[in-house]
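These notes concern the structure reproduced below.
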Amino acid sequence: MKKYNHKTIEEKWQKFWNKEKMYNVNTQNETKNKFYNLVMFPYPSGDKLHVGHWYNYSGTDIYGRFKRLQGYDVMQPIGFDSFGLPAENYAIKTGIHPDESTTNNIKQMRKQLKAIGAMWDWSHEVVTSSPEYYKWTQWVFAQLYKNGLAYRKNAPVNWCPSCQTVLANEQVQDGTCDRCSSEVTKKSLTQWFFNILKYADQLLDHEGLEWPEKTVTMQKNWIGKSKGCNVDWLVKDSKLKLSTFTTMVDTIYGVTFVVISPEHPLLSELITEENKDSVQKYIEKAKKKSDIDRMAEGKEKSGVNTGMTVVNPLTGKEVPLWVADYVLMNYGTGVVMGVPAHDQRDMDFAKKYGFEIVQSICNNNDETFVYDDVDKYNVKGKIVDSGEFTGLSILEGRKAITKKLESEKFGKETTQYKLRDWLISRQRYWGAPIPIVYDPEGNPHLIPEEHLPWVLPTDVDYNPKGASPLATSQELVERTEKIFGKGWRPEVDTMDTFVCSSWYFLRYPSATEETVPFNIETTNKWMPVDMYIGGPEHACMHLLYARFIHMVLRDLGFTKVKEPFKKLVHQGLITKDGAKMSKSKGNVVSPDEFVEKYGSDVFRMYLMFMGPYTEGGDWNDQGITGVMRFREKLWNTISTDAVIKEDLKSEYETKLNQTIKKVGEDLESFQFNTAIAALMEFLNFAIKSGIDTKGKKALSVIIAPLAPHFAEECWVTLGGDGSIFNQAWPKFDAKKTILDTAEIAVQVNGKLRGNFKIPRGTEESSVVDQAADLENVKKFLEEGQIVKTIYVPDKLVNFVVKT
RNA sequence: GCCGAAGUGGCGGAAUUGGUAGACGCGCGGGAUUCAAAAUCCCGUUCAUGCAAGUGAGUAAGGGUUCGAUUCCCUUCUUCGGUACCA
């Protein structure tokens with residue numbers, strides 16, 4: 001028996017896999033059972049890989065290797081999502097070009113990714129900041145543009161007046177700039193949008209996707225479709241009309257005020273002279289507050305009177321028009337009808353400013369209620385004090401009132417979404433340039449495909465004053481004029497990095513192709529992604545954007561596949577001392593020292609043994625010795641000759657079959673912790689019973705996804721041929737997974753009083769008799785009369801005794 | 001505020017079509033081995049009580065359904081995550 005030297009052994013096998021190109025997939029080849037195993041690609045940060053990445057990629061690789069052993073042609077690509085803010089900030093700080101720092105970080109991370117010993121297919125690597133990739137990101141933009149899905153409109157950005165620059169949300173701290181602490185304001189810029197709303201209904205349909213229920217719910221809530229009614233209110237002494245959106249038009253007789261958002265474009269025309277000052281002040285104050293600030297103030301409402309009144313189209317009643325920042329401009333119409341009797345927020349507002357509270361609906365017990373759950377009350381309540389509609393059920397009333405409003409042209413049934421169109425413009429340097437140029441009249445034109453990649457200029461000031469960095473490039477202007485003519489100007493904004501990551505899964509299988517973004521035939525062969533693994537924080541952004549872009553390209557005929565990600569799993573978060581790991585907190589745990597000391601196999605097994613994959617957990621290294629001991633014992637057992645003890649042979653068979661079954665099921669469902677526990681249990685038994693070569697081989701194969709280098713070494717030690725990953729997952733005999741004896745628990749009134757063994761399948765009467773005969777059971781049975789006996793075959797007897 | 005998830009030994013965690021709570025591992029205690037230590041092996045390890053057999057309590061707290069509840073229902077508390085006051 002040789003000593004197990006993880007360092008040389010792991011190095012040896014990584015070299016072997018590399019040399020044999022074992023995990024490089026030729027996507028041109030025919031395949032009957034492809035398996036596209038995908039993990040969300042990393043951002044190449046200067047922090048390098050931490051244990052959280054290892055956790056993420058270990059689970060991915062375990063699943064991929066498991067699928068390979070099950071006979072699938074597995075493709076498990078990796079790449080880098082390399083455009084983004086951190087590299088740009090680093091450049092501003094150090095003067096090092098983002099391209100240089102990014103390239104260095106990628107080099108570092110490649111090395112670390114290789115140390116995992118994962119079956120990455122490096123032949124299909126993508127780097128989103130390379131011209132070879134972003135050329136096609138620009139092509140994606142072009143497809144949307146040509147099909148009317150990309151358009152320009154004004155949208156506000158965070159603006160630091162002191163730095164003269166646009167700030168990301170994360171750069172705004174309590175309303176101030178995180179660099180210079182001056183107060184951040186809003187500035188309106190013309191920006192590019194993708195019309196994701198057009199796909200809202202399709203995105204709501206998750207049919208056929210094997211996704212966590214929670215994620216589907218989150219996306220549905222994010223899209224937030226709701227049916228309701230727009231109602232028009234005439235403004236008294238004015239020619240203006242205000243439209244409100246409501247999902248509860250049935251309460252329109254209970255309206256006692258109307259509230260308008262401080263950002264509403266018509267607001268300036270809706271203030272009486274005497275209220276001008278106070279409203280102006282209020283608007284100024286609201287402008288400075290971010291949406292998060294507004295929310296942080298909790299239930300405390302604020303508002304101010306415009307002095308105007310509006311007219312209820314059904315009752316003719318005049319109600320006051322107020323301004324309040326609890327009304328958001330970016331949802332509905334930016335104007336809300338106030339129904340304090342049945343809406344909590346309106347109730348809070350009315351109580352604070354003394355508005356009348358008028359009931360217009362009640363439940364079936366004639367009680368009033370706050371209308372916070374549409375579905376709950378649809379069926380239950382009815383309309384009261386509402387003229388001709390009184391007495392109708394809420395649902396009937398809603399229909400009747402909508403109909404009346406429509407016939408009198410004061411309203412219209414409408415559908416609203418919470419989802420907004422996707423703003424893709426960024427006033428940043430380190431991103432894919434938007435492939436647009438403007439003619440001398442300022443009209444946008446798509447840059448023809450022959451000029452792609454429309455390369456990112458290098459002669460720029462990363463920290464410009466007042467405009468996007470690309471605006472400082474002389475070369476970009478010259479290039480534009482040279483190609484398009486005098487007076488033509490380039491677009492200077494770049495694309496949101498989410499655009500880069502919204503189609504990379506289409507690029508992977510075709511990554512070696514230079515003339516197309518992706519080969520349609522290859523795509524139809526390899527898509528959809530069969531398993532997609534990544535953090536739950538991407539539920540509403542990346543996972544929605546990627547589905548959207550995929551749907552657009554699908555509708556344009558580039559793929560026949562309906563949805564990009566068939567199965568989805570979210571790994572849990574690994575924290576350190578309860579906090580997310582970050583350089584700024586100084587709690588980043590590097591995997592490198594553990595890999596050095598224990599090896600990749602032990603380290604990844606330990607990470608997986610910490611708990612369920614989807615839960616994550618707080619990092620500590622206290623238990624890693626247990627996994628280390630497990631590997632040592634397993635190595636000793638496999639590399640030592642032994643025979644199975646005669647008296648334990650049948651139990652051994654059962655245990656082995658049980659373990660093969662259990663480990664297979666657990667790997668399939670990402671319960672790696674219990675898979676490892678089952679392997680440990682089997683090893684503990686095998687040390688007692690002895691194990692033959694057939695058993696050792698089976699054991700090596702089922703542990704291979706978890707400890708790939710170790711398994712390879714076991715395989716050659718056992719005289720196996722080639723790589724263990726060309727073996728098949730062992731079959732188990734279902735009949736042999738069940739022991740022929742069973743243990744019966746005996747309860748009296750549900751309390752355990754004893755147990756005994758029976759041959760499986762013993763007759764009920766016999767088991768009950770034996771149970772009643774146990775000394776400790778007798779004692780309790782004598783205390784009263786047996787009124788009932790419950791028998792669960794091969795499991796339990798419960799005597800119900802009455803005293 | 002709203003939405004979602006989760007609370008089990010000293011610690012990480014296991015067990016749910018309702019059927020013996022604490023698998024597996026860490027740690028700890030005892031023993032073997034050793035001149036000694038490390039490593040390794042064996043035994044024990046939810047708490048209380050008892051020499052023991054056993055008994056009582058116990059899965060965040062309180063109630064309910066049931067012969068039987070970590071598992072189902074209601075209420076409350078705590079922690080974590082998400083958040084765009086969605087009319």
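We label chains A, B, ... in the order they appear in the structure tokens, count residues from 1 in each chain, and number ligands from 1 in the order shown.
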Using only C-alpha atoms (C1' of nucleotides), I'd like a table of the residues in chain B that come within 10 Å of chain A; for each, show the closest atom pair and its distance in Å rounded to one decimal, ordered by chain and ascending number, as JSON lines.
```
{"residue": "B:G1", "atom": "C1'", "partner": "A:Gly298", "partner_atom": "CA", "distance": 5.5}
{"residue": "B:C3", "atom": "C1'", "partner": "A:Met218", "partner_atom": "CA", "distance": 8.8}
{"residue": "B:G4", "atom": "C1'", "partner": "A:Lys214", "partner_atom": "CA", "distance": 7.4}
{"residue": "B:A5", "atom": "C1'", "partner": "A:Lys214", "partner_atom": "CA", "distance": 9.1}
{"residue": "B:A6", "atom": "C1'", "partner": "A:Glu615", "partner_atom": "CA", "distance": 9.6}
{"residue": "B:C11", "atom": "C1'", "partner": "A:Gln622", "partner_atom": "CA", "distance": 9.1}
{"residue": "B:G12", "atom": "C1'", "partner": "A:Met610", "partner_atom": "CA", "distance": 5.9}
{"residue": "B:G13", "atom": "C1'", "partner": "A:Gly611", "partner_atom": "CA", "distance": 6.2}
{"residue": "B:A14", "atom": "C1'", "partner": "A:Thr674", "partner_atom": "CA", "distance": 7.9}
{"residue": "B:G19", "atom": "C1'", "partner": "A:Leu796", "partner_atom": "CA", "distance": 6.7}
{"residue": "B:U20", "atom": "C1'", "partner": "A:Ala745", "partner_atom": "CA", "distance": 5.5}
{"residue": "B:A23", "atom": "C1'", "partner": "A:Ala677", "partner_atom": "CA", "distance": 8.1}
{"residue": "B:C24", "atom": "C1'", "partner": "A:Ala677", "partner_atom": "CA", "distance": 4.5}
{"residue": "B:G25", "atom": "C1'", "partner": "A:Gly626", "partner_atom": "CA", "distance": 6.0}
{"residue": "B:C26", "atom": "C1'", "partner": "A:Gly623", "partner_atom": "CA", "distance": 4.7}
{"residue": "B:G27", "atom": "C1'", "partner": "A:Gln622", "partner_atom": "CA", "distance": 8.9}
{"residue": "B:A53", "atom": "C1'", "partner": "A:Asn776", "partner_atom": "CA", "distance": 9.7}
{"residue": "B:G54", "atom": "C1'", "partner": "A:Asn776", "partner_atom": "CA", "distance": 9.0}
{"residue": "B:C67", "atom": "C1'", "partner": "A:Val800", "partner_atom": "CA", "distance": 5.8}
{"residue": "B:G68", "atom": "C1'", "partner": "A:Gly750", "partner_atom": "CA", "distance": 4.9}
{"residue": "B:C80", "atom": "C1'", "partner": "A:Gly578", "partner_atom": "CA", "distance": 9.4}
{"residue": "B:G81", "atom": "C1'", "partner": "A:Glu537", "partner_atom": "CA", "distance": 9.1}
{"residue": "B:G82", "atom": "C1'", "partner": "A:Glu537", "partner_atom": "CA", "distance": 8.2}
{"residue": "B:U83", "atom": "C1'", "partner": "A:Ile292", "partner_atom": "CA", "distance": 8.9}
{"residue": "B:A84", "atom": "C1'", "partner": "A:Asp291", "partner_atom": "CA", "distance": 7.4}
{"residue": "B:C85", "atom": "C1'", "partner": "A:Tyr326", "partner_atom": "CA", "distance": 5.4}
{"residue": "B:C86", "atom": "C1'", "partner": "A:Lys418", "partner_atom": "CA", "distance": 6.4}
{"residue": "B:A87", "atom": "C1'", "partner": "A:Thr246", "partner_atom": "CA", "distance": 5.6}
```
For A:Asp81, list every protein, DNA or RNA residue within 9 Å, evaluated using only C-alpha atoms (C1' of nucleotides), and leave out those in the same chain fewer than 4 positions away; present the list as a list in words.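 Contacts, with the query itself left out: Phe41, Pro42, Tyr43, Pro44, Val126, Val127, Thr128, Ser129, Thr497, Cys500 and Ser501 of chain A.
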Could you please write out, as a ChimeraX atom specification, every residue of stretch 564-654 of chain A that DSSP assigns to helix (DSSP H, G or I)? /A:592-598,600-609,624-638,646-654
Same residues, C-alpha atoms, output as a PDB file, in the first residue's frame:
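What ended up in selection.pdb:
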```pdb
ATOM      1  CA  ASP A 592      -5.687  28.119  -2.258  1.00  0.00           C
ATOM      2  CA  GLU A 593      -4.178  27.182   1.137  1.00  0.00           C
ATOM      3  CA  PHE A 594      -6.770  24.451   1.704  1.00  0.00           C
ATOM      4  CA  VAL A 595      -6.196  23.013  -1.760  1.00  0.00           C
ATOM      5  CA  GLU A 596      -2.475  23.011  -1.042  1.00  0.00           C
ATOM      6  CA  LYS A 597      -2.893  21.288   2.310  1.00  0.00           C
ATOM      7  CA  TYR A 598      -5.708  18.808   1.653  1.00  0.00           C
ATOM      8  CA  SER A 600      -8.912  19.644  -4.394  1.00  0.00           C
ATOM      9  CA  ASP A 601     -10.862  16.432  -3.794  1.00  0.00           C
ATOM     10  CA  VAL A 602     -11.009  16.815  -0.028  1.00  0.00           C
ATOM     11  CA  PHE A 603     -11.687  20.522  -0.239  1.00  0.00           C
ATOM     12  CA  ARG A 604     -14.569  20.222  -2.646  1.00  0.00           C
ATOM     13  CA  MET A 605     -16.038  17.299  -0.728  1.00  0.00           C
ATOM     14  CA  TYR A 606     -15.810  19.274   2.491  1.00  0.00           C
ATOM     15  CA  LEU A 607     -17.571  22.239   0.903  1.00  0.00           C
ATOM     16  CA  MET A 608     -20.336  19.936  -0.271  1.00  0.00           C
ATOM     17  CA  PHE A 609     -20.522  18.170   3.079  1.00  0.00           C
ATOM     18  CA  ILE A 624     -12.355  19.342   7.135  1.00  0.00           C
ATOM     19  CA  THR A 625     -10.258  16.773   9.049  1.00  0.00           C
ATOM     20  CA  GLY A 626     -13.281  14.468   8.988  1.00  0.00           C
ATOM     21  CA  VAL A 627     -13.349  14.465   5.202  1.00  0.00           C
ATOM     22  CA  MET A 628      -9.563  14.089   5.133  1.00  0.00           C
ATOM     23  CA  ARG A 629      -9.818  10.997   7.356  1.00  0.00           C
ATOM     24  CA  PHE A 630     -12.557   9.653   5.122  1.00  0.00           C
ATOM     25  CA  ARG A 631     -10.298   9.889   2.068  1.00  0.00           C
ATOM     26  CA  GLU A 632      -7.400   8.232   3.937  1.00  0.00           C
ATOM     27  CA  LYS A 633      -9.543   5.354   5.163  1.00  0.00           C
ATOM     28  CA  LEU A 634     -11.092   4.921   1.773  1.00  0.00           C
ATOM     29  CA  TRP A 635      -7.664   4.838   0.121  1.00  0.00           C
ATOM     30  CA  ASN A 636      -6.437   2.245   2.610  1.00  0.00           C
ATOM     31  CA  THR A 637      -9.510   0.121   2.043  1.00  0.00           C
ATOM     32  CA  ILE A 638      -9.285   0.274  -1.744  1.00  0.00           C
ATOM     33  CA  GLU A 646     -19.036 -14.961   5.054  1.00  0.00           C
ATOM     34  CA  ASP A 647     -21.547 -14.041   7.798  1.00  0.00           C
ATOM     35  CA  LEU A 648     -21.837 -10.446   6.557  1.00  0.00           C
ATOM     36  CA  LYS A 649     -22.138 -11.257   2.861  1.00  0.00           C
ATOM     37  CA  SER A 650     -25.865 -10.703   2.538  1.00  0.00           C
ATOM     38  CA  GLU A 651     -25.823  -7.525   4.579  1.00  0.00           C
ATOM     39  CA  TYR A 652     -22.890  -6.307   2.502  1.00  0.00           C
ATOM     40  CA  GLU A 653     -24.862  -6.858  -0.707  1.00  0.00           C
ATOM     41  CA  THR A 654     -27.772  -4.886   0.704  1.00  0.00           C
TER      42      THR A 654
END
```
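One finds atom CA of A:Lys48 at 11.9 Å from atom CA of A:Met581.
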Using DSSP on the backbone coordinates, identify the residues of stretch 25-145 of chain A assigned to strand (DSSP E or B); present them as number ranges by chain. A: 34-39, 73-75, 77-80, 121-127
Just checking: using only C-alpha atoms, which residue out of A:Leu38, A:Lys186, A:Asn726, A:Phe257 ends up closest to A:Met527?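 Going through A:Leu38, A:Lys186, A:Asn726, A:Phe257 one by one, the smallest distance to A:Met527 is for A:Leu38.
Atom CA of A:Thr737 lies 13.1 Å from atom CA of A:Arg760.
Taking only C-alpha atoms into account, A:Pro340 lies nearest to A:Thr256 out of the set A:Thr256, A:Asn684, A:Phe35, A:Ser407.
Distance check against A:Thr659 using only C-alpha atoms: of A:Trp322, A:Phe732, A:Tyr282, A:Phe710, the minimum falls on A:Phe732.
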Taking 6 positions as the minimum chain separation for residues in the same chain, which residues sit within 9 Å of stretch 70-79 of chain B when counting only C-alpha atoms (C1' of nucleotides)? Answer as number ranges by chain. B: 6-8, 15-16, 18, 21, 59-64
Can you pull out every residue within 12 Å of A:Phe670, counting only C-alpha atoms (C1' of nucleotides), but drop anything in the same chain fewer than 2 positions away, and send it as an MDAnalysis selection string? chainID A and resid 56 58:64 66 531 533 568:572 608:609 611:615 663:668 672:676 705:706
